[in-house]
>>> print(open('work-v6.tsv').read())   # TSV, C-alpha atoms and all ligand atoms
chain	number	residue	atom	x	y	z
A	17	MET	CA	22.94	31.31	9.60
A	18	ASP	CA	23.00	34.18	7.10
A	19	PHE	CA	21.70	31.95	4.37
A	20	ILE	CA	18.34	31.67	6.07
A	21	ASP	CA	17.69	35.43	6.16
A	22	LYS	CA	18.97	35.71	2.64
A	23	PHE	CA	16.72	32.94	1.43
A	24	LEU	CA	13.64	34.34	3.16
A	25	ASN	CA	14.26	37.83	1.78
A	26	THR	CA	14.78	36.61	-1.77
A	27	GLN	CA	11.62	34.52	-1.65
A	28	LYS	CA	9.68	37.52	-0.40
A	29	GLU	CA	11.03	39.76	-3.15
A	30	ASN	CA	10.08	37.20	-5.81
A	31	ASP	CA	6.58	36.65	-4.42
A	32	CYS	CA	7.61	33.08	-3.69
A	33	LEU	CA	7.54	32.94	0.10
A	34	ARG	CA	5.21	30.22	1.26
A	35	SER	CA	3.29	30.29	4.50
A	36	LEU	CA	0.64	28.25	6.26
A	37	ARG	CA	-2.90	29.26	7.07
A	38	ALA	CA	-5.21	27.50	9.46
A	39	VAL	CA	-8.47	26.12	8.11
A	40	GLU	CA	-11.22	26.64	10.65
A	41	SER	CA	-13.74	24.28	9.14
A	42	ARG	CA	-14.56	22.60	5.85
A	43	GLY	CA	-17.14	20.56	4.03
A	44	ASP	CA	-19.32	20.40	0.90
A	45	GLY	CA	-16.56	21.83	-1.28
A	46	LYS	CA	-16.03	24.84	0.98
A	47	VAL	CA	-13.32	25.94	3.35
A	48	VAL	CA	-13.29	28.59	6.10
A	49	TYR	CA	-10.32	30.86	6.88
A	50	ASP	CA	-10.52	33.69	9.43
A	51	GLY	CA	-14.27	33.35	9.60
A	52	ILE	CA	-14.69	33.70	5.84
A	53	GLU	CA	-16.10	30.91	3.71
A	54	TYR	CA	-14.61	30.14	0.29
A	55	TRP	CA	-15.34	27.60	-2.39
A	56	ASP	CA	-12.31	25.37	-2.27
A	57	PHE	CA	-10.63	24.95	-5.67
A	58	SER	CA	-7.31	23.85	-4.22
A	59	SER	CA	-8.15	20.60	-2.49
A	60	ASN	CA	-7.74	17.08	-3.83
A	61	ASP	CA	-11.10	16.00	-2.46
A	62	TYR	CA	-12.17	15.38	-6.05
A	63	LEU	CA	-15.06	13.05	-5.30
A	64	GLY	CA	-16.23	14.88	-2.19
A	65	LEU	CA	-15.57	11.84	-0.01
A	66	SER	CA	-13.78	13.55	2.88
A	67	GLN	CA	-16.94	13.69	5.00
A	68	HIS	CA	-18.83	10.79	3.53
A	69	PRO	CA	-20.97	9.30	6.34
A	70	TYR	CA	-20.19	5.67	5.48
A	71	ILE	CA	-16.44	6.32	5.44
A	72	CYS	CA	-16.53	8.37	8.66
A	73	MET	CA	-18.50	5.61	10.35
A	74	ALA	CA	-15.97	2.98	9.25
A	75	ALA	CA	-13.16	5.04	10.78
A	76	LYS	CA	-15.06	5.49	14.05
A	77	LYS	CA	-15.85	1.79	14.30
A	78	ALA	CA	-12.19	0.96	13.77
A	79	ILE	CA	-11.22	3.26	16.65
A	80	ASP	CA	-13.79	1.57	18.90
A	81	LYS	CA	-12.43	-1.85	18.05
A	82	TRP	CA	-8.70	-1.23	17.64
A	83	GLY	CA	-7.93	2.05	19.37
A	84	THR	CA	-6.00	4.97	17.92
A	85	GLY	CA	-2.71	3.59	16.67
A	86	ALA	CA	-1.28	0.48	15.04
A	87	THR	CA	1.34	0.61	17.85
A	88	ALA	CA	4.20	-0.84	15.80
A	89	SER	CA	5.65	-1.14	12.33
A	90	ARG	CA	4.14	-3.76	10.04
A	91	LEU	CA	6.99	-6.25	10.51
A	92	LEU	CA	6.76	-6.08	14.30
A	93	SER	CA	3.21	-6.31	15.66
A	94	GLY	CA	1.51	-3.50	13.72
A	95	SER	CA	0.25	-5.58	10.80
A	96	LEU	CA	-3.43	-5.62	11.70
A	97	LYS	CA	-5.99	-7.72	9.93
A	98	LEU	CA	-7.35	-4.44	8.54
A	99	HIS	CA	-4.09	-3.80	6.66
A	100	HIS	CA	-4.25	-7.25	5.08
A	101	MET	CA	-7.89	-6.83	4.09
A	102	LEU	CA	-7.09	-3.49	2.50
A	103	GLU	CA	-4.15	-4.97	0.59
A	104	ASP	CA	-6.30	-7.78	-0.78
A	105	LYS	CA	-8.91	-5.25	-1.83
A	106	ILE	CA	-6.36	-3.03	-3.54
A	107	ALA	CA	-4.80	-5.94	-5.42
A	108	LYS	CA	-8.23	-6.85	-6.82
A	109	PHE	CA	-9.11	-3.23	-7.52
A	110	LYS	CA	-5.89	-2.80	-9.50
A	111	SER	CA	-6.11	-6.24	-11.16
A	112	LYS	CA	-2.75	-7.27	-9.72
A	113	GLU	CA	-1.63	-10.32	-7.75
A	114	SER	CA	-0.63	-8.48	-4.65
A	115	ALA	CA	-0.40	-5.08	-2.99
A	116	LEU	CA	1.43	-3.37	-0.14
A	117	VAL	CA	0.23	-0.36	1.84
A	118	PHE	CA	2.70	2.46	2.48
A	119	ASN	CA	2.24	5.33	4.92
A	120	SER	CA	2.00	8.04	2.26
A	121	GLY	CA	2.52	8.52	-1.42
A	122	TYR	CA	5.79	10.24	-0.71
A	123	GLN	CA	6.99	7.29	1.33
A	124	ALA	CA	5.80	4.81	-1.28
A	125	ASN	CA	7.85	6.45	-4.01
A	126	VAL	CA	11.01	6.92	-1.98
A	127	GLY	CA	10.66	3.33	-0.76
A	128	LEU	CA	9.92	1.79	-4.13
A	129	LEU	CA	12.56	3.01	-6.59
A	130	PRO	CA	15.64	2.66	-4.36
A	131	ALA	CA	14.60	-0.90	-3.45
A	132	LEU	CA	13.93	-2.04	-7.01
A	133	CYS	CA	16.34	-0.05	-9.15
A	134	LYS	CA	19.92	-1.01	-8.40
A	135	LYS	CA	23.45	-0.10	-9.40
A	136	GLY	CA	23.93	-0.96	-13.07
A	137	ASP	CA	20.26	-0.23	-13.82
A	138	ILE	CA	18.76	2.84	-15.45
A	139	ILE	CA	15.52	4.71	-14.77
A	140	PHE	CA	13.80	6.79	-17.46
A	141	SER	CA	11.64	9.35	-15.68
A	142	ASP	CA	9.22	11.92	-17.10
A	143	LYS	CA	10.51	15.44	-16.52
A	144	LEU	CA	7.33	16.52	-14.74
A	145	ASN	CA	7.18	13.58	-12.33
A	146	HIS	CA	6.28	14.47	-8.75
A	147	ALA	CA	8.91	15.60	-6.23
A	148	SER	CA	8.62	12.27	-4.40
A	149	ILE	CA	9.74	10.47	-7.58
A	150	ILE	CA	12.59	12.92	-8.04
A	151	ASP	CA	13.75	12.30	-4.48
A	152	ALA	CA	13.43	8.57	-5.10
A	153	LEU	CA	15.66	8.86	-8.17
A	154	LYS	CA	18.30	10.55	-6.07
A	155	LEU	CA	18.08	7.89	-3.36
A	156	SER	CA	18.35	5.02	-5.82
A	157	GLU	CA	21.77	3.72	-6.83
A	158	ALA	CA	20.59	3.32	-10.40
A	159	ASP	CA	21.47	5.93	-13.02
A	160	PHE	CA	18.57	8.02	-14.19
A	161	VAL	CA	17.67	10.20	-17.11
A	162	ARG	CA	14.65	12.47	-17.47
A	163	PHE	CA	12.73	12.47	-20.73
A	164	LYS	CA	10.76	15.44	-22.03
A	165	HIS	CA	7.28	15.56	-20.61
A	166	ASN	CA	4.94	13.07	-22.33
A	167	ASP	CA	7.33	13.02	-25.29
A	168	ILE	CA	7.45	9.48	-26.63
A	169	GLN	CA	10.03	10.32	-29.32
A	170	ASN	CA	12.37	11.72	-26.73
A	171	LEU	CA	11.86	8.64	-24.55
A	172	GLU	CA	12.59	6.33	-27.46
A	173	SER	CA	15.73	8.16	-28.51
A	174	LEU	CA	17.04	7.96	-24.93
A	175	LEU	CA	16.18	4.26	-24.79
A	176	LEU	CA	17.98	3.77	-28.08
A	177	SER	CA	21.16	5.50	-26.95
A	178	LYS	CA	21.30	4.26	-23.36
A	179	ARG	CA	19.35	1.07	-22.77
A	180	ASP	CA	22.02	-1.40	-23.91
A	181	LYS	CA	24.60	-0.15	-21.44
A	182	TYR	CA	22.50	-1.21	-18.45
A	183	LYS	CA	21.21	-4.38	-16.84
A	184	ASN	CA	17.60	-3.56	-15.96
A	185	ALA	CA	15.68	-0.56	-17.24
A	186	TRP	CA	12.62	1.12	-15.72
A	187	VAL	CA	10.28	3.74	-17.13
A	188	VAL	CA	8.55	5.81	-14.44
A	189	THR	CA	5.65	8.17	-15.06
A	190	GLU	CA	2.60	9.65	-13.43
A	191	THR	CA	-0.60	8.79	-15.26
A	192	VAL	CA	-2.43	12.05	-14.49
A	193	PHE	CA	0.14	14.79	-13.91
A	194	SER	CA	-0.40	16.74	-10.74
A	195	MET	CA	0.50	20.24	-11.94
A	196	ASP	CA	-0.51	19.99	-15.62
A	197	GLY	CA	-3.57	17.77	-15.32
A	198	ASP	CA	-2.65	15.92	-18.52
A	199	VAL	CA	-2.38	12.16	-19.06
A	200	CYS	CA	0.71	10.15	-20.01
A	201	PRO	CA	0.80	8.31	-23.38
A	202	LEU	CA	0.65	4.94	-21.69
A	203	LYS	CA	-0.21	2.87	-24.78
A	204	GLU	CA	2.79	4.28	-26.63
A	205	ILE	CA	5.08	3.60	-23.69
A	206	VAL	CA	3.81	0.01	-23.47
A	207	ALA	CA	4.41	-0.38	-27.21
A	208	LEU	CA	8.14	0.26	-26.68
A	209	LYS	CA	8.44	-2.31	-23.93
A	210	GLU	CA	9.36	-5.36	-25.91
A	211	LYS	CA	11.83	-3.68	-28.21
A	212	TYR	CA	13.78	-2.06	-25.40
A	213	ASN	CA	13.11	-4.52	-22.59
A	214	PHE	CA	12.08	-2.38	-19.64
A	215	LYS	CA	9.59	-2.45	-16.79
A	216	ILE	CA	6.94	0.20	-16.26
A	217	ILE	CA	6.14	1.88	-12.94
A	218	VAL	CA	3.23	4.32	-12.82
A	219	ASP	CA	2.04	6.75	-10.17
A	220	GLU	CA	-1.76	6.96	-10.22
A	221	ALA	CA	-2.06	9.44	-7.33
A	222	HIS	CA	-4.45	11.74	-9.23
A	223	ALA	CA	-6.09	9.07	-11.40
A	224	THR	CA	-7.24	6.62	-8.73
A	225	GLY	CA	-10.95	6.87	-8.06
A	226	ILE	CA	-11.57	8.91	-11.19
A	227	PHE	CA	-10.58	7.18	-14.43
A	228	GLY	CA	-11.54	3.70	-15.63
A	229	VAL	CA	-14.82	1.82	-15.39
A	230	THR	CA	-14.34	0.92	-11.74
A	231	GLY	CA	-12.29	4.01	-10.92
A	232	ALA	CA	-9.02	2.07	-10.73
A	233	GLY	CA	-7.23	4.69	-12.84
A	234	VAL	CA	-5.78	5.39	-16.27
A	235	VAL	CA	-4.16	1.94	-16.45
A	236	GLU	CA	-7.63	0.43	-16.21
A	237	ARG	CA	-9.14	2.91	-18.67
A	238	GLU	CA	-6.49	2.04	-21.24
A	239	GLY	CA	-6.86	-1.71	-20.63
A	240	LEU	CA	-3.18	-2.06	-19.73
A	241	CYS	CA	-3.34	-3.71	-16.30
A	242	ASP	CA	-1.18	-6.62	-17.49
A	243	ASP	CA	1.34	-4.41	-19.29
A	244	VAL	CA	2.17	-2.04	-16.47
A	245	ASP	CA	4.45	-3.86	-14.04
A	246	ILE	CA	3.99	-1.79	-10.91
A	247	VAL	CA	1.16	0.56	-10.05
A	248	MET	CA	1.54	3.00	-7.21
A	249	GLY	CA	-1.23	5.25	-5.95
A	250	THR	CA	-2.48	7.10	-2.92
A	251	PHE	CA	-5.47	7.14	-0.61
A	252	SER	CA	-4.87	10.82	0.02
A	253	LYS	CA	-6.38	12.44	-3.06
A	254	ALA	CA	-9.76	11.29	-4.45
A	255	LEU	CA	-10.15	8.75	-1.64
A	256	ALA	CA	-9.89	11.62	0.84
A	257	SER	CA	-7.98	9.70	3.48
A	258	PHE	CA	-4.28	9.01	3.91
A	259	GLY	CA	-1.63	6.52	2.87
A	260	ALA	CA	-0.64	4.83	-0.36
A	261	TYR	CA	-0.14	1.47	-2.02
A	262	VAL	CA	2.02	-0.37	-4.48
A	263	ALA	CA	0.46	-3.18	-6.52
A	264	GLY	CA	2.15	-5.75	-8.75
A	265	ASP	CA	3.26	-9.36	-9.01
A	266	LYS	CA	3.55	-11.24	-5.73
A	267	LYS	CA	7.32	-11.44	-6.01
A	268	TYR	CA	7.63	-7.63	-6.14
A	269	ILE	CA	5.47	-7.21	-3.06
A	270	GLU	CA	7.33	-9.90	-1.13
A	271	TYR	CA	10.60	-8.27	-2.11
A	272	LEU	CA	9.42	-4.79	-1.13
A	273	LEU	CA	8.24	-5.78	2.31
A	274	ASN	CA	11.71	-7.16	2.89
A	275	CYS	CA	13.72	-4.38	1.32
A	276	SER	CA	11.81	-1.12	1.12
A	277	ARG	CA	13.17	1.09	3.88
A	278	SER	CA	10.26	3.53	4.10
A	279	PHE	CA	7.96	0.54	4.54
A	280	ILE	CA	10.10	-1.24	7.11
A	281	PHE	CA	11.17	1.66	9.30
A	282	SER	CA	7.87	3.41	9.90
A	283	THR	CA	4.92	2.68	12.15
A	284	ALA	CA	1.93	1.12	10.40
A	285	LEU	CA	-0.96	3.44	9.54
A	286	ALA	CA	-3.62	3.82	12.22
A	287	PRO	CA	-6.64	1.46	12.14
A	288	SER	CA	-9.08	4.35	11.57
A	289	VAL	CA	-7.11	5.43	8.50
A	290	ILE	CA	-6.97	1.93	7.07
A	291	ALA	CA	-10.68	1.40	7.68
A	292	ALA	CA	-11.47	4.71	5.95
A	293	ASN	CA	-9.34	3.68	2.96
A	294	PHE	CA	-11.19	0.38	2.72
A	295	ALA	CA	-14.58	2.06	2.98
A	296	ALA	CA	-13.62	4.67	0.37
A	297	ILE	CA	-12.95	1.91	-2.16
A	298	GLU	CA	-16.33	0.39	-1.33
A	299	VAL	CA	-17.93	3.77	-1.99
A	300	LEU	CA	-16.16	3.93	-5.37
A	301	GLU	CA	-17.85	0.66	-6.25
A	302	GLN	CA	-21.26	1.94	-5.18
A	303	GLU	CA	-21.23	5.55	-6.31
A	304	ARG	CA	-20.02	5.61	-9.85
A	305	CYS	CA	-22.02	8.79	-10.40
A	306	ARG	CA	-19.36	10.73	-8.50
A	307	ARG	CA	-16.54	10.13	-10.95
A	308	ILE	CA	-18.81	10.55	-13.96
A	309	GLY	CA	-20.20	13.81	-12.57
A	310	LEU	CA	-16.74	15.05	-11.67
A	311	LEU	CA	-15.36	14.49	-15.16
A	312	LYS	CA	-18.37	16.18	-16.73
A	313	LYS	CA	-17.91	19.24	-14.54
A	314	SER	CA	-14.19	19.31	-15.22
A	315	ASP	CA	-14.67	19.12	-19.00
A	316	TYR	CA	-17.27	21.87	-18.84
A	317	PHE	CA	-15.07	24.17	-16.75
A	318	ARG	CA	-12.00	23.60	-18.94
A	319	CYS	CA	-13.97	24.18	-22.16
A	320	CYS	CA	-15.43	27.43	-20.88
A	321	LEU	CA	-12.03	28.79	-19.86
A	322	LYS	CA	-10.61	27.80	-23.25
A	323	GLU	CA	-13.43	29.61	-24.97
A	324	LEU	CA	-12.35	32.73	-23.10
A	325	GLY	CA	-9.03	32.36	-24.91
A	326	LEU	CA	-7.08	31.55	-21.75
A	327	ASN	CA	-3.99	29.35	-21.73
A	328	VAL	CA	-5.62	26.36	-20.08
A	329	ILE	CA	-4.14	22.87	-20.25
A	330	GLY	CA	-4.85	19.32	-19.10
A	331	GLU	CA	-7.54	16.72	-19.58
A	332	SER	CA	-8.65	15.77	-16.09
A	333	GLN	CA	-10.19	17.20	-12.93
A	334	ILE	CA	-7.03	19.33	-12.61
A	335	VAL	CA	-7.47	22.51	-14.66
A	336	PRO	CA	-4.36	24.72	-14.77
A	337	TRP	CA	-4.58	28.24	-16.15
A	338	ILE	CA	-1.03	29.24	-17.03
A	339	ILE	CA	-0.47	32.93	-16.35
A	340	GLY	CA	3.33	33.17	-16.39
A	341	GLU	CA	4.57	35.79	-13.96
A	342	ASN	CA	4.48	35.21	-10.22
A	343	LYS	CA	3.14	38.67	-9.42
A	344	LYS	CA	0.21	38.46	-11.78
A	345	THR	CA	-0.62	34.93	-10.65
A	346	VAL	CA	-0.66	36.00	-7.02
A	347	LYS	CA	-2.78	39.05	-7.88
A	348	PHE	CA	-5.35	36.95	-9.75
A	349	SER	CA	-5.49	34.50	-6.88
A	350	GLU	CA	-6.16	37.39	-4.48
A	351	LYS	CA	-8.91	38.75	-6.68
A	352	LEU	CA	-10.68	35.42	-6.82
A	353	LYS	CA	-10.30	35.12	-3.08
A	354	GLN	CA	-12.16	38.41	-2.68
A	355	LYS	CA	-14.99	36.85	-4.67
A	356	GLY	CA	-15.07	33.81	-2.41
A	357	TYR	CA	-12.91	31.35	-4.37
A	358	TRP	CA	-9.92	29.68	-2.82
A	359	VAL	CA	-7.42	28.86	-5.54
A	360	MET	CA	-3.75	28.96	-4.67
A	361	PRO	CA	-1.09	30.24	-7.05
A	362	VAL	CA	1.40	27.56	-8.04
A	363	ARG	CA	4.92	28.91	-8.58
A	364	GLU	CA	8.48	27.67	-8.96
A	365	PRO	CA	9.96	25.36	-7.87
A	366	THR	CA	6.70	23.37	-8.05
A	367	VAL	CA	6.38	24.37	-11.72
A	368	PRO	CA	9.10	25.73	-14.06
A	369	LYS	CA	10.00	29.42	-13.83
A	370	GLY	CA	7.78	31.62	-15.98
A	371	GLN	CA	4.92	29.12	-15.90
A	372	SER	CA	3.19	30.20	-12.72
A	373	ARG	CA	-0.43	29.24	-12.76
A	374	LEU	CA	-3.73	29.06	-11.01
A	375	ARG	CA	-4.48	25.40	-10.67
A	376	PHE	CA	-8.19	24.75	-10.24
A	377	THR	CA	-9.06	21.36	-8.86
A	378	ILE	CA	-12.68	20.50	-9.51
A	379	SER	CA	-14.72	18.56	-6.99
A	380	TYR	CA	-17.96	16.63	-7.28
A	381	ASP	CA	-19.12	18.95	-4.50
A	382	HIS	CA	-18.93	22.09	-6.68
A	383	PRO	CA	-22.44	22.99	-7.85
A	384	GLN	CA	-22.93	23.96	-11.49
A	385	GLU	CA	-23.95	27.54	-10.63
A	386	ILE	CA	-20.74	27.98	-8.65
A	387	LEU	CA	-18.68	26.87	-11.62
A	388	ASP	CA	-20.58	29.32	-13.82
A	389	ASP	CA	-20.06	32.17	-11.37
A	390	LEU	CA	-16.36	31.38	-11.08
A	391	ILE	CA	-16.02	31.35	-14.87
A	392	TYR	CA	-17.73	34.76	-14.93
A	393	GLU	CA	-15.29	36.15	-12.34
A	394	ILE	CA	-12.31	34.73	-14.21
A	395	LYS	CA	-13.56	36.35	-17.39
A	396	LYS	CA	-13.75	39.73	-15.66
A	397	ILE	CA	-10.26	39.42	-14.23
A	398	ALA	CA	-8.75	38.31	-17.53
A	399	THR	CA	-10.49	41.05	-19.50
A	400	ASN	CA	-9.58	43.84	-17.09
A	401	ASP	CA	-5.97	42.81	-17.26
A	402	GLN	CA	-5.64	43.40	-21.00
B	501	LIG	C1	0.39	13.79	-3.89
B	501	LIG	C2	1.30	12.94	-4.70
B	501	LIG	C3	2.18	12.05	-4.09
B	501	LIG	C4	2.37	12.01	-2.62
B	501	LIG	O1	1.28	11.42	-1.98
B	501	LIG	P1	1.00	11.73	-0.45
B	501	LIG	O2	0.11	10.63	-0.05
B	501	LIG	O3	0.36	13.06	-0.39
B	501	LIG	O4	2.31	11.69	0.25
B	501	LIG	C5	2.93	11.22	-4.91
B	501	LIG	N1	2.83	11.28	-6.25
B	501	LIG	C6	2.02	12.16	-6.86
B	501	LIG	C7	1.95	12.19	-8.34
B	501	LIG	C8	1.23	13.01	-6.11
B	501	LIG	O5	0.44	13.89	-6.71
>>> encode(input="work-v6.tsv", output="structure tokens")
Amino acid sequence: MDFIDKFLNTQKENDCLRSLRAVESRGDGKVVYDGIEYWDFSSNDYLGLSQHPYICMAAKKAIDKWGTGATASRLLSGSLKLHHMLEDKIAKFKSKESALVFNSGYQANVGLLPALCKKGDIIFSDKLNHASIIDALKLSEADFVRFKHNDIQNLESLLLSKRDKYKNAWVVTETVFSMDGDVCPLKEIVALKEKYNFKIIVDEAHATGIFGVTGAGVVEREGLCDDVDIVMGTFSKALASFGAYVAGDKKYIEYLLNCSRSFIFSTALAPSVIAANFAAIEVLEQERCRRIGLLKKSDYFRCCLKELGLNVIGESQIVPWIIGENKKTVKFSEKLKQKGYWVMPVREPTVPKGQSRLRFTISYDHPQEILDDLIYEIKKIATNDQ
């Protein structure tokens, strides 16, 4: 087992060794480690829903009525009425005929592509797509090719040279990218659809709850609900719960519940989780101020960092400051930690080598004065480093 020691040593030397730390408590945008409270700029609780009283109450009520577990997979006896209600709600929310709940976003992606994309097909996948999509590509029997990130010309030239050799073609992209915080050129992708005859699958993990009039995501914001064939998203980010969904035409959903292995061979999500997911969507309908406030704060924070001359990218609640070297990124993260800000360094393999970054995720729970203080601390760190 030499390779294990070797691996661990190399990771340590490169400042890349990951480890876990126990959170002692959390709430209101803050997190406590070893008795010390930090403002949490690393969580995906974008809308501050993780301790919303209405959602917590819904989860508790579901436990009282249904107990702790679903007790079986969906196709055995675990398909509770709650799951069906949630699926109806999601289908409406996403303006699709039908929806299917999966146990996590990871499971949704690895269950979706291998079921739909078969031998003789080809998948065009954005280079920065999430690891769960990459694993799904490997599991699928279809051929795949990765196009340059958000590069419509590159996508079109690949379609031009490859599309004709295959039966079905699929274009897969995130809408809001998890590590870069930017948004895919969905309109341009849709515009290529007819000419090259492909289907579109999008992952709205970071867009759901935030973009669009009702918070349904980028697909809604762009008015493309009918043009995107399959929409996948999670309950685990802005909705602050757990699980995921796939929405699309009825025939896709019927097919998936028969053929998607990660759906079939896993126990259904617990009633409390499903009830929380349902309640979170109700809160989205009621509390529009959260997503509007979040986007305002995010724009403000990004603008201020840009004004400092920092290499800041994205156009969402995810604000990455690209620093480059691992060592420096880790050092900056430590310095902010000393000031009471929890922002984890993101390094390879999560992002390409040489593009290590501090990835700030903004939450509705972050007060304005905290953002201003953090900007001030960042300014000091960046200036001292020159
Ligand atoms: C987080 C994420 C997933 C995985 O979702 P989980 O519910 O956490 O398993 C999938 N796709 C993208 C783009 C994500 O950011």
>>> residues_near_ligand(input="work-v6.tsv", ligand="ligand LIG 501 (chain B)", cutoff="6 Å", atoms="all atoms listed in the file", output="tab-separated table (two decimals) with C-alpha atoms, in the frame of the given file")
chain	number	residue	atom	x	y	z
A	120	SER	CA	2.00	8.04	2.26
A	121	GLY	CA	2.52	8.52	-1.42
A	122	TYR	CA	5.79	10.24	-0.71
A	146	HIS	CA	6.28	14.47	-8.75
A	148	SER	CA	8.62	12.27	-4.40
A	190	GLU	CA	2.60	9.65	-13.43
A	194	SER	CA	-0.40	16.74	-10.74
A	219	ASP	CA	2.04	6.75	-10.17
A	221	ALA	CA	-2.06	9.44	-7.33
A	222	HIS	CA	-4.45	11.74	-9.23
A	250	THR	CA	-2.48	7.10	-2.92
A	252	SER	CA	-4.87	10.82	0.02
A	259	GLY	CA	-1.63	6.52	2.87
A	260	ALA	CA	-0.64	4.83	-0.36
>>> closest_residue(input="work-v6.tsv", among="A:Thr87, A:Trp55, A:Lys81, A:Leu310", to="Leu390 in chain A", atoms="only C-alpha atoms")
A:Trp55
>>> atom_distance(input="work-v6.tsv", atom1="CA of Ile329 in chain A", atom2="CA of Asp198 in chain A")
7.3 Å
>>> residues_around(input="work-v6.tsv", residues="range 161-177 of chain A", least_positions_apart="2", cutoff="9 Å", atoms="only C-alpha atoms", output="list in words")
Ile138, Ile139, Phe140, Ser141, Asp142, Lys143, Leu144, Asn145, Asp159, Arg179, Asp180, Lys181, Ala185, Thr189, Asp198, Val199, Cys200, Pro201, Glu204, Ile205, Leu208 and Tyr212 of chain A
>>> residues_around(input="work-v6.tsv", residues="Pro130 in chain A", least_positions_apart="4", cutoff="8 Å", atoms="only C-alpha atoms", output="MDAnalysis selection string")
chainID A and resid 126 134 152:153 155:158 276
>>> residues_around(input="work-v6.tsv", residues="range 282-293 of chain A", least_positions_apart="2", cutoff="6 Å", atoms="all atoms listed in the file", output="ChimeraX atom specification")
/A:71,74-75,78-79,85-86,88-90,94,119,280,295-296
>>> atom_distance(input="work-v6.tsv", atom1="CA of Val229 in chain A", atom2="CA of Glu270 in chain A")
28.8 Å
>>> residues_near_point(input="work-v6.tsv", point="(0.7, 1.4, -5.9)", cutoff="10 Å", atoms="only C-alpha atoms", output="PDB file with C-alpha atoms, in the coordinates of the input")
ATOM      1  CA  ILE A 106      -6.360  -3.030  -3.540  1.00  0.00           C
ATOM      2  CA  ALA A 107      -4.800  -5.940  -5.420  1.00  0.00           C
ATOM      3  CA  LYS A 110      -5.890  -2.800  -9.500  1.00  0.00           C
ATOM      4  CA  ALA A 115      -0.400  -5.080  -2.990  1.00  0.00           C
ATOM      5  CA  LEU A 116       1.430  -3.370  -0.140  1.00  0.00           C
ATOM      6  CA  VAL A 117       0.230  -0.360   1.840  1.00  0.00           C
ATOM      7  CA  PHE A 118       2.700   2.460   2.480  1.00  0.00           C
ATOM      8  CA  GLY A 121       2.520   8.520  -1.420  1.00  0.00           C
ATOM      9  CA  ALA A 124       5.800   4.810  -1.280  1.00  0.00           C
ATOM     10  CA  ASN A 125       7.850   6.450  -4.010  1.00  0.00           C
ATOM     11  CA  LEU A 128       9.920   1.790  -4.130  1.00  0.00           C
ATOM     12  CA  ILE A 217       6.140   1.880 -12.940  1.00  0.00           C
ATOM     13  CA  VAL A 218       3.230   4.320 -12.820  1.00  0.00           C
ATOM     14  CA  ASP A 219       2.040   6.750 -10.170  1.00  0.00           C
ATOM     15  CA  GLU A 220      -1.760   6.960 -10.220  1.00  0.00           C
ATOM     16  CA  ALA A 221      -2.060   9.440  -7.330  1.00  0.00           C
ATOM     17  CA  THR A 224      -7.240   6.620  -8.730  1.00  0.00           C
ATOM     18  CA  ILE A 246       3.990  -1.790 -10.910  1.00  0.00           C
ATOM     19  CA  VAL A 247       1.160   0.560 -10.050  1.00  0.00           C
ATOM     20  CA  MET A 248       1.540   3.000  -7.210  1.00  0.00           C
ATOM     21  CA  GLY A 249      -1.230   5.250  -5.950  1.00  0.00           C
ATOM     22  CA  THR A 250      -2.480   7.100  -2.920  1.00  0.00           C
ATOM     23  CA  PHE A 251      -5.470   7.140  -0.610  1.00  0.00           C
ATOM     24  CA  ALA A 260      -0.640   4.830  -0.360  1.00  0.00           C
ATOM     25  CA  TYR A 261      -0.140   1.470  -2.020  1.00  0.00           C
ATOM     26  CA  VAL A 262       2.020  -0.370  -4.480  1.00  0.00           C
ATOM     27  CA  ALA A 263       0.460  -3.180  -6.520  1.00  0.00           C
ATOM     28  CA  GLY A 264       2.150  -5.750  -8.750  1.00  0.00           C
TER      29      GLY A 264
END
>>> residues_around(input="work-v6.tsv", residues="Lys215 in chain A", least_positions_apart="5", cutoff="9 Å", atoms="only C-alpha atoms", output="number ranges by chain")
A: 184-188, 209, 243-246
>>> atom_distance(input="work-v6.tsv", atom1="CA of Asp401 in chain A", atom2="CA of Asn327 in chain A")
14.3 Å
>>> closest_residue(input="work-v6.tsv", among="A:Leu132, A:Val48, A:Val328, A:Ile226", to="Ala254 in chain A", atoms="only C-alpha atoms")
A:Ile226
>>> closest_residue(input="work-v6.tsv", among="A:Leu65, A:Ile20, A:Ala256, A:Cys32", to="Asp381 in chain A", atoms="all atoms listed in the file")
A:Leu65
>>> residues_around(input="work-v6.tsv", residues="Asp242 in chain A", least_positions_apart="6", cutoff="10 Å", atoms="all atoms listed in the file", output="list in words")
Ser111, Lys112, Val235, Glu236, Gly264 and Asp265 of chain A
>>> closest_residue(input="work-v6.tsv", among="A:Gly43, A:Gly233, A:Gly127, A:Gly225", to="Leu272 in chain A", atoms="only C-alpha atoms")
A:Gly127
>>> closest_residue(input="work-v6.tsv", among="A:Ile308, A:Ile150, A:Leu24, A:Val206", to="Gln333 in chain A", atoms="only C-alpha atoms")
A:Ile308
>>> closest_residue(input="work-v6.tsv", among="A:Gly309, A:Pro368, A:Gly228, A:Pro361", to="Tyr62 in chain A", atoms="all atoms listed in the file")
A:Gly309
